[in-house]
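File shown here: data-v3.txt, holding compact mmCIF, C-alpha atoms.
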# COMPACT_ATOMS: atom_id res chain seq x y z
CA MET A 1390 111.41 120.03 83.63
CA SER A 1391 114.88 119.43 85.06
CA ASP A 1392 115.54 116.27 87.04
CA GLU A 1393 118.27 117.97 89.08
CA PRO A 1394 117.78 118.18 92.84
CA LEU A 1395 115.92 121.25 94.04
CA ALA A 1396 118.30 123.97 95.18
CA ALA A 1397 118.06 124.70 98.90
CA HIS A 1398 120.13 127.90 99.02
CA GLY A 1399 118.06 130.98 99.80
CA ARG A 1400 114.71 129.20 100.01
CA SER A 1401 112.33 130.52 102.64
CA TRP A 1402 111.17 128.27 105.45
CA VAL A 1403 107.81 130.08 105.35
CA PRO A 1404 105.69 128.56 102.55
CA ARG A 1405 104.12 131.03 100.14
CA ALA A 1406 101.47 130.30 97.55
CA HIS A 1407 98.42 131.72 95.77
CA PRO A 1408 95.16 131.69 97.79
CA LEU A 1409 93.80 129.08 95.37
CA SER A 1410 96.79 126.87 96.20
CA TRP A 1411 95.83 127.10 99.87
CA ALA A 1412 92.19 126.41 99.00
CA THR A 1413 93.22 123.36 96.99
CA LEU A 1414 95.34 122.21 99.92
CA VAL A 1415 92.34 122.44 102.26
CA VAL A 1416 90.07 120.52 99.87
CA THR A 1417 92.62 117.83 99.03
CA THR A 1418 93.37 117.41 102.75
CA GLY A 1419 89.66 116.81 103.25
CA ALA A 1420 89.75 114.38 100.35
CA ILE A 1421 92.64 112.41 101.82
CA LEU A 1422 90.84 112.48 105.17
CA MET A 1423 87.90 110.70 103.54
CA THR A 1424 90.32 108.24 101.92
CA ALA A 1425 91.66 107.45 105.40
CA VAL A 1426 88.16 107.15 106.85
CA ASP A 1427 87.06 104.76 104.09
CA GLY A 1428 90.12 102.61 104.65
CA GLY A 1429 89.72 102.67 108.43
CA ILE A 1430 86.11 101.51 108.68
CA LEU A 1431 86.93 97.81 108.28
CA PRO A 1432 89.70 97.54 110.95
CA ALA A 1433 87.61 99.56 113.41
CA VAL A 1434 84.55 97.27 113.19
CA LEU A 1435 86.45 94.04 112.52
CA PRO A 1436 85.84 92.61 116.02
CA ALA A 1437 82.07 93.01 115.51
CA ILE A 1438 82.30 91.43 112.05
CA GLN A 1439 84.31 88.51 113.49
CA LYS A 1440 81.63 87.99 116.11
CA ASP A 1441 78.71 88.10 113.64
CA PHE A 1442 80.30 85.74 111.13
CA GLY A 1443 82.28 83.59 113.61
CA LEU A 1444 85.74 84.37 112.19
CA ASN A 1445 89.14 83.66 113.72
CA ALA A 1446 92.13 86.01 113.28
CA ALA A 1447 93.36 84.32 110.10
CA GLN A 1448 89.89 84.48 108.50
CA ALA A 1449 89.57 88.13 109.51
CA GLY A 1450 92.89 88.72 107.78
CA LEU A 1451 91.37 87.24 104.59
CA VAL A 1452 88.68 89.94 104.64
CA ASN A 1453 91.43 92.54 104.68
CA SER A 1454 93.24 90.73 101.86
CA VAL A 1455 90.23 90.94 99.56
CA PHE A 1456 89.96 94.67 100.28
CA PHE A 1457 93.61 95.16 99.38
CA GLY A 1458 93.20 93.06 96.26
CA GLY A 1459 90.72 95.67 95.05
CA LEU A 1460 93.13 98.38 96.19
CA ILE A 1461 95.85 97.04 93.87
CA VAL A 1462 93.49 97.31 90.90
CA GLY A 1463 92.29 100.78 91.90
CA ALA A 1464 95.76 102.24 92.48
CA LEU A 1465 97.24 100.95 89.23
CA LEU A 1466 94.18 101.79 87.15
CA PHE A 1467 93.37 105.23 88.53
CA GLY A 1468 97.03 106.27 88.89
CA TRP A 1469 97.54 105.62 85.17
CA LEU A 1470 94.10 106.96 84.28
CA SER A 1471 94.81 110.28 85.98
CA ASP A 1472 97.88 110.77 83.78
CA ARG A 1473 95.95 109.53 80.74
CA ILE A 1474 92.91 111.80 81.22
CA GLY A 1475 95.23 114.64 82.05
CA THR A 1476 97.43 116.07 84.78
CA GLY A 1477 96.71 119.24 86.75
CA TYR A 1478 93.10 120.33 87.01
CA ARG A 1479 91.90 117.23 85.11
CA ARG A 1480 92.91 115.02 88.04
CA SER A 1481 89.86 116.32 89.94
CA TRP A 1482 87.65 114.39 87.52
CA THR A 1483 89.53 111.14 88.12
CA TRP A 1484 89.46 111.53 91.89
CA ASN A 1485 85.73 112.15 91.95
CA ILE A 1486 85.10 108.94 90.00
CA ALA A 1487 87.24 106.93 92.42
CA MET A 1488 85.45 108.39 95.43
CA LEU A 1489 82.01 107.72 93.93
CA ILE A 1490 82.87 104.02 93.64
CA GLY A 1491 83.60 103.95 97.39
CA ILE A 1492 80.29 105.62 98.26
CA LEU A 1493 78.39 103.09 96.13
CA GLY A 1494 80.35 100.22 97.65
CA GLY A 1495 79.44 101.36 101.16
CA ALA A 1496 75.75 101.62 100.27
CA LEU A 1497 75.79 98.13 98.76
CA THR A 1498 77.53 96.76 101.86
CA PHE A 1499 74.70 98.10 104.01
CA GLY A 1500 71.99 96.76 101.72
CA LEU A 1501 73.37 93.43 100.52
CA ALA A 1502 76.00 92.14 102.98
CA GLY A 1503 73.70 89.65 104.71
CA SER A 1504 76.18 86.81 104.33
CA PHE A 1505 79.93 86.53 104.73
CA ALA A 1506 80.39 85.75 101.02
CA ALA A 1507 78.49 88.88 99.98
CA PHE A 1508 80.39 91.00 102.49
CA LEU A 1509 83.69 89.63 101.19
CA LEU A 1510 82.87 90.46 97.57
CA LEU A 1511 81.80 94.00 98.44
CA ARG A 1512 85.27 94.69 99.87
CA ILE A 1513 86.42 94.84 96.22
CA PRO A 1514 84.76 98.15 95.16
CA MET A 1515 85.70 99.69 98.52
CA GLY A 1516 89.31 98.64 97.89
CA ILE A 1517 89.26 100.00 94.33
CA SER A 1518 88.08 103.37 95.62
CA ARG A 1519 90.68 103.47 98.40
CA GLY A 1520 93.49 102.53 96.03
CA GLY A 1521 92.41 104.89 93.29
CA SER A 1522 91.80 108.03 95.33
CA GLU A 1523 95.16 108.38 97.09
CA PRO A 1524 97.67 108.53 94.19
CA VAL A 1525 95.41 110.86 92.22
CA ASN A 1526 94.93 113.21 95.13
CA VAL A 1527 98.63 113.39 96.02
CA ALA A 1528 99.53 114.20 92.43
CA LEU A 1529 96.74 116.77 92.30
CA VAL A 1530 97.90 118.83 95.29
CA SER A 1531 101.53 118.78 94.13
CA GLU A 1532 100.51 120.38 90.82
CA TRP A 1533 98.94 123.41 92.49
CA TRP A 1534 101.94 124.44 94.61
CA PRO A 1535 105.39 125.93 93.85
CA LYS A 1536 107.97 123.21 93.52
CA GLN A 1537 110.03 124.73 96.35
CA PHE A 1538 107.28 123.96 98.89
CA ARG A 1539 106.23 120.54 97.58
CA GLY A 1540 107.24 118.62 100.71
CA PHE A 1541 105.30 121.03 102.90
CA ALA A 1542 102.19 120.87 100.71
CA VAL A 1543 102.17 117.08 100.46
CA GLY A 1544 102.90 116.81 104.20
CA VAL A 1545 100.03 119.11 105.16
CA HIS A 1546 97.78 117.39 102.62
CA HIS A 1547 98.59 114.05 104.21
CA THR A 1548 97.52 115.24 107.65
CA GLY A 1549 94.15 114.08 106.37
CA PHE A 1550 95.34 110.55 107.15
CA PRO A 1551 96.05 110.90 110.89
CA LEU A 1552 93.02 113.15 111.31
CA GLY A 1553 90.95 110.64 109.37
CA GLN A 1554 92.31 107.77 111.44
CA PHE A 1555 91.21 109.48 114.63
CA LEU A 1556 87.94 110.64 113.12
CA THR A 1557 87.19 107.09 111.98
CA GLY A 1558 87.38 105.84 115.55
CA ALA A 1559 85.17 108.68 116.77
CA LEU A 1560 82.64 108.15 113.96
CA ILE A 1561 82.55 104.39 114.49
CA ALA A 1562 82.06 104.87 118.23
CA ALA A 1563 79.18 107.29 117.50
CA VAL A 1564 77.52 104.98 114.95
CA LEU A 1565 77.85 101.95 117.22
CA GLY A 1566 76.05 103.95 119.88
CA PHE A 1567 72.77 103.75 117.95
CA ALA A 1568 73.30 101.21 115.12
CA GLY A 1569 75.47 98.33 113.93
CA TRP A 1570 78.61 97.99 111.85
CA GLN A 1571 76.54 97.75 108.62
CA GLU A 1572 75.31 101.32 109.09
CA ALA A 1573 78.91 102.51 109.42
CA PHE A 1574 79.58 101.45 105.83
CA LEU A 1575 76.48 103.34 104.67
CA LEU A 1576 76.68 106.62 106.58
CA ILE A 1577 80.37 107.44 106.85
CA PRO A 1578 81.32 107.42 103.12
CA LEU A 1579 78.48 109.88 102.41
CA LEU A 1580 80.60 112.57 104.10
CA GLY A 1581 82.76 112.58 100.97
CA ILE A 1582 80.04 114.11 98.77
CA PRO A 1583 80.68 117.78 99.78
CA ILE A 1584 84.39 117.27 99.14
CA MET A 1585 83.67 115.93 95.66
CA VAL A 1586 81.64 119.05 94.89
CA LEU A 1587 84.43 121.36 96.13
CA GLN A 1588 87.05 119.44 94.12
CA ALA A 1589 85.04 120.01 90.94
CA PHE A 1590 84.40 123.69 91.77
CA ILE A 1591 88.02 124.69 92.55
CA GLY A 1592 89.90 122.36 90.20
CA THR A 1593 89.31 124.23 86.94
CA ARG A 1594 91.66 125.26 84.14
CA ARG A 1595 91.02 128.95 84.80
CA ASN A 1596 91.93 128.62 88.48
CA GLN A 1597 95.07 126.63 87.76
CA ARG A 1598 96.16 129.28 85.23
CA ARG A 1599 95.82 131.94 87.94
CA VAL A 1600 98.01 129.86 90.26
CA TYR A 1601 100.73 129.33 87.63
CA ASP A 1602 100.76 133.03 86.72
CA TRP A 1603 101.25 133.87 90.42
CA ILE A 1604 104.13 131.38 90.69
CA ASP A 1605 105.86 132.94 87.68
CA ALA A 1606 105.31 136.48 88.97
CA HIS A 1607 106.85 135.66 92.36
CA GLY A 1608 109.93 133.91 91.02
CA TYR A 1609 109.11 130.36 92.11
CA THR A 1610 109.19 127.18 90.03
CA LYS A 1611 105.98 125.83 88.53
CA PRO A 1612 105.28 122.17 89.35
CA LEU A 1613 104.83 121.50 85.61
CA PRO A 1614 105.73 123.65 82.59
CA GLU A 1615 102.14 123.43 81.34
CA LEU A 1616 98.74 123.26 83.02
CA SER A 1617 97.96 119.73 81.89
CA THR A 1618 99.41 116.98 79.74
CA ARG A 1619 97.60 114.12 78.02
CA PRO A 1620 99.69 111.28 76.54
CA LYS A 1621 99.05 110.42 72.91
CA GLY A 1622 98.55 106.92 71.52
CA LEU A 1623 98.04 104.15 74.07
CA GLY A 1624 99.33 106.34 76.88
CA LEU A 1625 102.06 103.93 78.00
CA GLY A 1626 104.62 106.73 78.27
CA PRO A 1627 103.93 107.45 81.97
CA VAL A 1628 104.35 103.76 82.81
CA LYS A 1629 107.71 103.59 81.04
CA ASP A 1630 108.89 106.85 82.61
CA ALA A 1631 107.92 105.70 86.09
CA LEU A 1632 109.50 102.25 85.86
CA ALA A 1633 112.70 103.67 84.34
CA SER A 1634 113.43 105.65 87.54
CA PRO A 1635 115.41 103.76 90.23
CA ASN A 1636 113.79 106.02 92.84
CA VAL A 1637 110.36 104.71 91.87
CA ARG A 1638 111.47 101.09 92.01
CA TRP A 1639 113.22 101.38 95.39
CA SER A 1640 110.38 103.47 96.81
CA VAL A 1641 108.04 100.56 96.14
CA VAL A 1642 110.25 98.31 98.30
CA LEU A 1643 110.62 100.91 101.06
CA ILE A 1644 106.93 101.73 101.29
CA PHE A 1645 106.05 98.02 101.04
CA LEU A 1646 107.92 97.45 104.32
CA PHE A 1647 106.32 100.45 106.06
CA LEU A 1648 102.86 99.45 104.91
CA TRP A 1649 103.32 95.79 105.85
CA ALA A 1650 104.01 96.97 109.41
CA GLU A 1651 101.10 99.44 109.39
CA THR A 1652 98.58 97.00 107.94
CA ALA A 1653 99.59 94.23 110.34
CA ALA A 1654 99.47 96.61 113.31
CA VAL A 1655 96.17 98.40 112.66
CA THR A 1656 94.21 95.36 111.48
CA PHE A 1657 94.42 93.73 114.92
CA LEU A 1658 94.93 96.78 117.14
CA THR A 1659 91.27 97.09 118.10
CA GLY A 1660 91.20 93.36 118.84
CA GLN A 1661 94.30 93.68 121.04
CA LEU A 1662 92.63 96.46 123.02
CA VAL A 1663 89.42 94.46 123.40
CA ASN A 1664 91.48 91.51 124.68
CA GLN A 1665 92.79 93.83 127.39
CA GLY A 1666 89.21 94.23 128.64
CA ILE A 1667 88.53 97.57 126.94
CA ASP A 1668 85.00 98.21 125.64
CA LEU A 1669 84.67 97.96 121.84
CA GLY A 1670 83.53 101.58 121.47
CA LEU A 1671 86.49 102.90 123.49
CA ALA A 1672 88.84 100.47 121.73
CA ALA A 1673 87.70 101.80 118.34
CA LEU A 1674 88.33 105.35 119.57
CA LEU A 1675 91.79 104.45 120.93
CA SER A 1676 92.74 102.70 117.70
CA GLY A 1677 92.70 106.09 116.00
CA ALA A 1678 94.58 107.96 118.74
CA SER A 1679 97.74 108.24 116.61
CA GLY A 1680 95.82 110.66 114.42
CA LEU A 1681 95.90 113.32 117.13
CA THR A 1682 99.69 113.69 116.80
CA GLY A 1683 100.12 112.33 113.27
CA TRP A 1684 99.64 115.72 111.65
CA ILE A 1685 102.63 117.09 113.56
CA GLY A 1686 105.01 114.49 112.15
CA GLN A 1687 103.74 114.93 108.62
CA VAL A 1688 103.97 118.72 108.52
CA VAL A 1689 107.33 118.87 110.29
CA TRP A 1690 109.04 116.09 108.34
CA GLY A 1691 107.44 117.08 105.04
CA ALA A 1692 108.66 120.68 105.40
CA TRP A 1693 112.03 119.59 106.77
CA SER A 1694 112.61 117.35 103.76
CA ASP A 1695 112.31 120.43 101.50
CA HIS A 1696 115.51 121.73 103.12
CA ALA A 1697 117.44 118.83 104.71
CA GLY A 1698 116.60 116.26 102.03
CA ARG A 1699 114.05 113.50 101.55
CA LYS A 1700 116.44 110.66 102.52
CA PHE A 1701 117.58 112.47 105.66
CA ALA A 1702 114.01 112.63 106.92
CA ILE A 1703 113.20 109.02 106.07
CA ARG A 1704 116.20 107.65 108.04
CA PHE A 1705 114.84 109.08 111.27
CA LEU A 1706 111.33 107.88 110.48
CA VAL A 1707 112.50 104.29 109.99
CA ILE A 1708 114.02 104.27 113.47
CA GLY A 1709 110.97 105.94 115.01
CA TRP A 1710 108.68 103.38 113.42
CA ALA A 1711 110.70 100.42 114.75
CA ALA A 1712 110.72 101.87 118.28
CA SER A 1713 106.96 102.46 118.11
CA MET A 1714 106.27 98.85 117.12
CA LEU A 1715 108.23 97.59 120.12
CA ALA A 1716 106.38 100.02 122.39
CA MET A 1717 103.06 98.46 121.31
CA ILE A 1718 104.00 95.47 123.48
CA LEU A 1719 103.61 97.69 126.56
CA ILE A 1720 99.91 98.44 125.92
CA THR A 1721 97.93 96.96 128.83
CA SER A 1722 95.33 99.65 129.63
CA PRO A 1723 93.61 102.69 128.12
CA ALA A 1724 96.25 104.95 129.70
CA SER A 1725 99.20 103.06 128.23
CA ALA A 1726 97.37 102.86 124.89
CA TRP A 1727 97.03 106.65 124.77
CA ILE A 1728 100.74 107.15 125.54
CA VAL A 1729 102.08 104.63 123.04
CA LEU A 1730 99.68 105.45 120.21
CA LEU A 1731 100.14 109.21 120.54
CA ALA A 1732 103.91 108.66 120.34
CA TRP A 1733 103.48 106.42 117.29
CA GLY A 1734 101.48 109.19 115.63
CA LEU A 1735 104.63 111.33 115.37
CA PHE A 1736 106.04 108.74 112.95
CA ARG A 1737 103.14 106.69 111.61
CA ASN A 1738 102.13 108.65 108.51
CA ALA A 1739 105.16 110.86 108.01
CA PRO A 1740 107.19 108.58 105.66
CA PHE A 1741 104.50 108.54 102.99
CA PRO A 1742 104.30 112.25 102.05
CA VAL A 1743 108.10 112.49 102.09
CA VAL A 1744 108.43 109.54 99.71
CA TYR A 1745 105.56 110.87 97.57
CA ALA A 1746 107.38 114.20 97.25
CA LEU A 1747 110.53 112.32 96.25
CA LEU A 1748 108.60 110.46 93.55
CA ILE A 1749 107.06 113.63 92.16
CA ASP A 1750 110.53 115.23 92.13
CA SER A 1751 111.83 112.23 90.19
CA VAL A 1752 109.10 111.77 87.53
CA PRO A 1753 106.88 114.88 87.50
CA ARG A 1754 105.13 114.02 84.21
CA ALA A 1755 104.21 110.53 85.40
CA ALA A 1756 103.43 111.32 89.03
CA GLY A 1757 100.01 109.66 89.08
CA THR A 1758 101.31 106.49 87.45
CA ALA A 1759 104.39 106.35 89.69
CA MET A 1760 102.34 106.70 92.86
CA GLY A 1761 99.72 104.32 91.51
CA ILE A 1762 102.44 101.71 90.97
CA MET A 1763 103.88 102.31 94.41
CA ILE A 1764 100.55 102.34 96.22
CA GLY A 1765 99.15 99.46 94.17
CA ILE A 1766 102.13 97.20 94.67
CA ALA A 1767 103.40 98.36 98.07
CA LEU A 1768 100.08 99.00 99.79
CA GLY A 1769 98.08 96.43 97.87
CA VAL A 1770 100.47 93.49 98.07
CA SER A 1771 101.44 94.23 101.67
CA GLY A 1772 97.75 94.46 102.53
CA VAL A 1773 96.97 91.15 100.87
CA LEU A 1774 99.81 89.34 102.63
CA ALA A 1775 100.38 91.19 105.90
CA ALA A 1776 97.01 90.66 107.59
CA PRO A 1777 96.82 86.85 107.13
CA VAL A 1778 100.48 86.41 108.11
CA ALA A 1779 100.04 88.65 111.15
CA GLY A 1780 96.90 86.73 112.10
CA LEU A 1781 98.85 83.46 112.03
CA ILE A 1782 101.67 84.97 114.11
CA ILE A 1783 99.22 86.30 116.69
CA ASP A 1784 97.34 82.99 116.86
CA SER A 1785 100.59 81.05 117.41
CA GLY A 1786 102.95 83.46 119.20
CA GLY A 1787 100.88 86.30 120.62
CA PHE A 1788 101.19 90.06 120.28
CA THR A 1789 104.76 90.29 121.64
CA VAL A 1790 106.18 88.19 118.81
CA HIS A 1791 103.90 90.04 116.39
CA TYR A 1792 105.38 93.45 117.24
CA VAL A 1793 109.00 92.25 117.34
CA VAL A 1794 108.58 90.96 113.79
CA LEU A 1795 107.10 94.29 112.70
CA ALA A 1796 110.02 96.24 114.24
CA VAL A 1797 112.50 94.14 112.24
CA ILE A 1798 110.49 94.72 109.07
CA CYS A 1799 110.68 98.49 109.63
CA LEU A 1800 114.47 98.43 110.08
CA LEU A 1801 114.85 96.57 106.78
CA GLY A 1802 113.68 99.82 105.15
CA LEU A 1803 117.21 101.20 105.56
CA LEU A 1804 118.38 98.86 102.78
CA PRO A 1805 116.28 100.22 99.87
CA LEU A 1806 116.73 103.74 101.25
CA ALA A 1807 120.48 103.41 100.76
CA ARG A 1808 119.95 102.71 97.03
CA MET A 1809 117.75 105.75 96.41
CA THR A 1810 119.02 109.09 95.05
CA GLU A 1811 118.38 112.35 96.88
CA THR A 1812 116.24 114.85 94.94
CA VAL A 1813 116.68 117.86 97.20
CA ALA A 1814 120.05 119.63 97.37
CA THR A 1815 120.86 120.59 100.95
CA ARG A 1816 122.54 123.86 101.78
CA THR A 1817 125.83 122.01 102.22
CA ALA A 1818 125.53 120.52 98.75
CA THR A 1819 124.67 123.81 97.08
CA THR A 1820 127.69 125.55 98.60
CA GLY A 1821 129.99 122.94 97.13
CA ALA A 1822 130.78 120.65 100.07
CA ALA A 1823 128.82 117.78 98.60
CA GLY A 1824 127.62 118.11 95.07
CA PRO A 1825 124.18 116.57 94.51
CA THR A 1826 123.72 113.84 91.95
CA GLU A 1827 121.02 113.66 89.32
CA VAL A 1828 118.09 111.31 89.46

Rendering of file as structure tokens:
Amino acid sequence: MSDEPLAAHGRSWVPRAHPLSWATLVVTTGAILMTAVDGGILPAVLPAIQKDFGLNAAQAGLVNSVFFGGLIVGALLFGWLSDRIGTGYRRSWTWNIAMLIGILGGALTFGLAGSFAAFLLLRIPMGISRGGSEPVNVALVSEWWPKQFRGFAVGVHHTGFPLGQFLTGALIAAVLGFAGWQEAFLLIPLLGIPIMVLQAFIGTRRNQRRVYDWIDAHGYTKPLPELSTRPKGLGLGPVKDALASPNVRWSVVLIFLFLWAETAAVTFLTGQLVNQGIDLGLAALLSGASGLTGWIGQVVWGAWSDHAGRKFAIRFLVIGWAASMLAMILITSPASAWIVLLAWGLFRNAPFPVVYALLIDSVPRAAGTAMGIMIGIALGVSGVLAAPVAGLIIDSGGFTVHYVVLAVICLLGLLPLARMTETVATRTATTGAAGPTEV
């Protein structure tokens, strides 16, 4: 497959795909929704956990760090494993395994987390599941859609995150109405079982062949020349291909900064709202408010990046993120929380599908490994470090200093972005005004 930027000239703004591509998009969106829900349980119930175990902010950050330690392992392992077992329809198998680990981890948390030490250790399988499911699922959806509409597909697929973030708050509020935080870890992950069944039912070789035949017949570009690839030998080829791409390496830095800000913000957001005198149930609901508008930013910026370029979209998202962090300082009531968090939703999740699309453009045969590396290092390491550091900043300087620091961290993202190579040729470039460069 060529590494040249995708041509923009003559491409329709209306996405077209086989019905099975749309069905896969629905299922993978549900899958990413469950990934978001699994990752959002801990921050939503963290105030109750702090109360039960007598934890301060820094100690609560340690709980998050252990979770993200497992996430690093899961992202690196399952990202590589999905390329090793096979791309395309075979990724459904890998995703189902990752999700099953999360369901088991939640059940064990309910049954065995009677002490803080036990609870801490059980964050590891939950982290492995969270880290392993995302890179596999992103790669999976990209391999069932025409290359021309990759940004749209990944953007729509990633609406599962803002929807999941809001749904997490609603589910937690519902569970807390009749049970405790332990039951949340048991009941909520079970919702992923129907999605696992649908993934296995739709993600077959026969169905993927039908999709690729449709793409060929309608003059679009297949995401991969073949239905599935499986590396020979030790399978280190995808790792070498991923690390050889400057776009992969700089994407790790860029997403690290975004995710540091997100982890630091969401870990203590419910606590900030509770400190403002808001009831825990309402605070948990408000903490997911950005999900109500998050899908708009992801679909719009994902689709726009197919035409205007990935880097073009990311520049605006960096600025929007920094402004949103500063606006968090203004939250003093439920009304102001709704306004600020709904505005943040337009930017919160949008950078990730755009960068994921850029990675898949850059190394299509090693997409799972590349995203596993990025998610494992960027999300995992930022998660391990961001929560404890943010806890210390909040304990010593308060939430105003906390959000100013996060705004600066977001703006630093412009530096790695400047070193990345565009993978989508804009209309200006394709008409000769600015010739695109190769990745």

Q: Name the residues within 6 Å of (93.2, 110.9, 104.8), counting only C-alpha atoms in the file's coordinates, and put them as a list in words.
A: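 Result, sorted by chain then residue number: Ile1421, Leu1422, Met1423, Thr1424, Ala1425, Gly1549, Phe1550 and Gly1553 of chain A.
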
**Q.** Shell of 9 Å around A:Arg1479, only C-alpha atoms, local chain residues under 6 positions omitted, as a PyMOL selection string
**A.** chain A and resi 1471-1472+1529+1592-1594+1617

Q: Could you jot down the atom CA of A:Gly1765 to atom CA of A:His1696 separation for me, Å, one decimal place?
A: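 Value for the atom CA of A:Gly1765-atom CA of A:His1696 distance: 29.0 Å.
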
Q: May I ask for the distance between atom CA of A:Leu1465 and atom CA of A:Ala1449, given in Å to one decimal place?
A: 25.2 Å

Q) So which residues are close to (88.9, 101.1, 118.2), meaning at most 6 Å away in the file's coordinates with all atoms listed in the file counted, and can you show them as a list in words? A) Ala1433, Gly1558, Thr1659, Ala1672, Ala1673, Leu1674, Leu1675 and Ser1676 of chain A

Q | Interatomic distance (Å, one decimal) between atom CA of A:Gly1666 and atom CA of A:Leu1552 | A |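 It comes out at 25.9 Å.
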
Q. Which one is closest to A:Ala1528: A:Leu1613, A:Ile1685, A:Leu1662, A:Ile1718? Count only C-alpha atoms.
A.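 Nearest candidate to A:Ala1528 out of A:Leu1613, A:Ile1685, A:Leu1662, A:Ile1718: A:Leu1613.
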
Q. Hey, what's within 6 Å of stretch 1436-1447 of chain A if we count all atoms listed in the file and toss same-chain stuff fewer than 2 positions away? As an NGL selection string, please?
A. :A and (1434 or 1449-1450 or 1777 or 1780-1781)

Would you put the residues from that selection into a file with C-alpha atoms, as an mmCIF file, in the coordinates of the input?
data_model
loop_
_atom_site.group_PDB
_atom_site.id
_atom_site.type_symbol
_atom_site.label_atom_id
_atom_site.label_comp_id
_atom_site.auth_asym_id
_atom_site.auth_seq_id
_atom_site.Cartn_x
_atom_site.Cartn_y
_atom_site.Cartn_z
ATOM 1 C CA VAL A 1434 84.550 97.270 113.190
ATOM 2 C CA ALA A 1449 89.570 88.130 109.510
ATOM 3 C CA GLY A 1450 92.890 88.720 107.780
ATOM 4 C CA PRO A 1777 96.820 86.850 107.130
ATOM 5 C CA GLY A 1780 96.900 86.730 112.100
ATOM 6 C CA LEU A 1781 98.850 83.460 112.030
#

Q: Find the residue from A:Trp1649, A:Phe1541, A:Phe1574, A:Trp1733 that sits nearest to A:Leu1497; use all atoms listed in the file when measuring.
A: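 Closest to A:Leu1497, using all atoms listed in the file: A:Phe1574.
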
Q.
With distances taken over all atoms listed in the file, which residue among A:Leu1511, A:Ala1406, A:Ile1492, A:Val1642 lies nearest A:Phe1456?
A.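 Among the listed residues, A:Leu1511 lies closest to A:Phe1456.
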
Sort by chain and increasing residue number a table of all residues of stretch 1682-1757 of chain A within 8 Å of stretch 1805-1808 of chain A, each with its closest pair of atoms and their distance in Å to one decimal, counting all atoms listed in the file, and write it as JSON lines.
{"residue": "A:Lys1700", "atom": "CA", "partner": "A:Leu1806", "partner_atom": "CA", "distance": 7.0}
{"residue": "A:Ile1703", "atom": "CA", "partner": "A:Leu1806", "partner_atom": "CA", "distance": 8.0}
{"residue": "A:Arg1704", "atom": "CA", "partner": "A:Leu1806", "partner_atom": "CA", "distance": 7.9}

Q.
Measuring between only C-alpha atoms, which one of A:Phe1701, A:Phe1555, A:Ala1775, A:Ile1766 shows the shortest distance to A:Ala1678?
A. A:Phe1555

Q: Using only C-alpha atoms, find the one residue out of A:Trp1690, A:Trp1484, A:Trp1469, A:Trp1710 that sits nearest to A:Ala1739.
A: A:Trp1690

Q) So, counting all atoms listed in the file, which residue among A:Val1707, A:Val1628, A:Ala1767, A:Val1462 is closest to A:Val1641? A) A:Ala1767

**Q.** All residues 9 Å or closer to A:Val1689, all atoms listed in the file, same chain fewer than 3 positions away omitted, as a list in words
**A.** Phe1541, Gly1544, Val1545, Trp1684, Ile1685, Gly1686, Ala1692, Trp1693, Ser1694 and Ala1739 of chain A

Residue subset to file, keeping C-alpha atoms, as a PDB file, keeping the file's coordinate frame:
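For reference, part11.pdb as written:
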ATOM      1  CA  PHE A1541     105.300 121.030 102.900  1.00  0.00           C
ATOM      2  CA  GLY A1544     102.900 116.810 104.200  1.00  0.00           C
ATOM      3  CA  VAL A1545     100.030 119.110 105.160  1.00  0.00           C
ATOM      4  CA  TRP A1684      99.640 115.720 111.650  1.00  0.00           C
ATOM      5  CA  ILE A1685     102.630 117.090 113.560  1.00  0.00           C
ATOM      6  CA  GLY A1686     105.010 114.490 112.150  1.00  0.00           C
ATOM      7  CA  ALA A1692     108.660 120.680 105.400  1.00  0.00           C
ATOM      8  CA  TRP A1693     112.030 119.590 106.770  1.00  0.00           C
ATOM      9  CA  SER A1694     112.610 117.350 103.760  1.00  0.00           C
ATOM     10  CA  ALA A1739     105.160 110.860 108.010  1.00  0.00           C
TER      11      ALA A1739
END

Generate the missing atoms of stretch 1554-1558 of chain A up to N, CA, C and O atoms and report them as a PDB file, in the coordinates of the input.
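Once everything was written out, this is result.pdb:
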ATOM      1  N   GLN A1554      92.202 108.964 110.600  1.00  0.00           N
ATOM      2  CA  GLN A1554      92.310 107.770 111.440  1.00  0.00           C
ATOM      3  C   GLN A1554      91.667 107.996 112.798  1.00  0.00           C
ATOM      4  O   GLN A1554      91.000 107.101 113.335  1.00  0.00           O
ATOM      5  N   PHE A1555      91.864 109.187 113.354  1.00  0.00           N
ATOM      6  CA  PHE A1555      91.210 109.480 114.630  1.00  0.00           C
ATOM      7  C   PHE A1555      89.714 109.665 114.440  1.00  0.00           C
ATOM      8  O   PHE A1555      88.900 109.174 115.224  1.00  0.00           O
ATOM      9  N   LEU A1556      89.353 110.386 113.376  1.00  0.00           N
ATOM     10  CA  LEU A1556      87.940 110.640 113.120  1.00  0.00           C
ATOM     11  C   LEU A1556      87.177 109.343 112.871  1.00  0.00           C
ATOM     12  O   LEU A1556      86.022 109.209 113.283  1.00  0.00           O
ATOM     13  N   THR A1557      87.839 108.375 112.225  1.00  0.00           N
ATOM     14  CA  THR A1557      87.190 107.090 111.980  1.00  0.00           C
ATOM     15  C   THR A1557      86.773 106.443 113.289  1.00  0.00           C
ATOM     16  O   THR A1557      85.637 105.975 113.437  1.00  0.00           O
ATOM     17  N   GLY A1558      87.709 106.420 114.251  1.00  0.00           N
ATOM     18  CA  GLY A1558      87.380 105.840 115.550  1.00  0.00           C
ATOM     19  C   GLY A1558      86.225 106.551 116.213  1.00  0.00           C
ATOM     20  O   GLY A1558      85.314 105.923 116.770  1.00  0.00           O
TER      21      GLY A1558
END
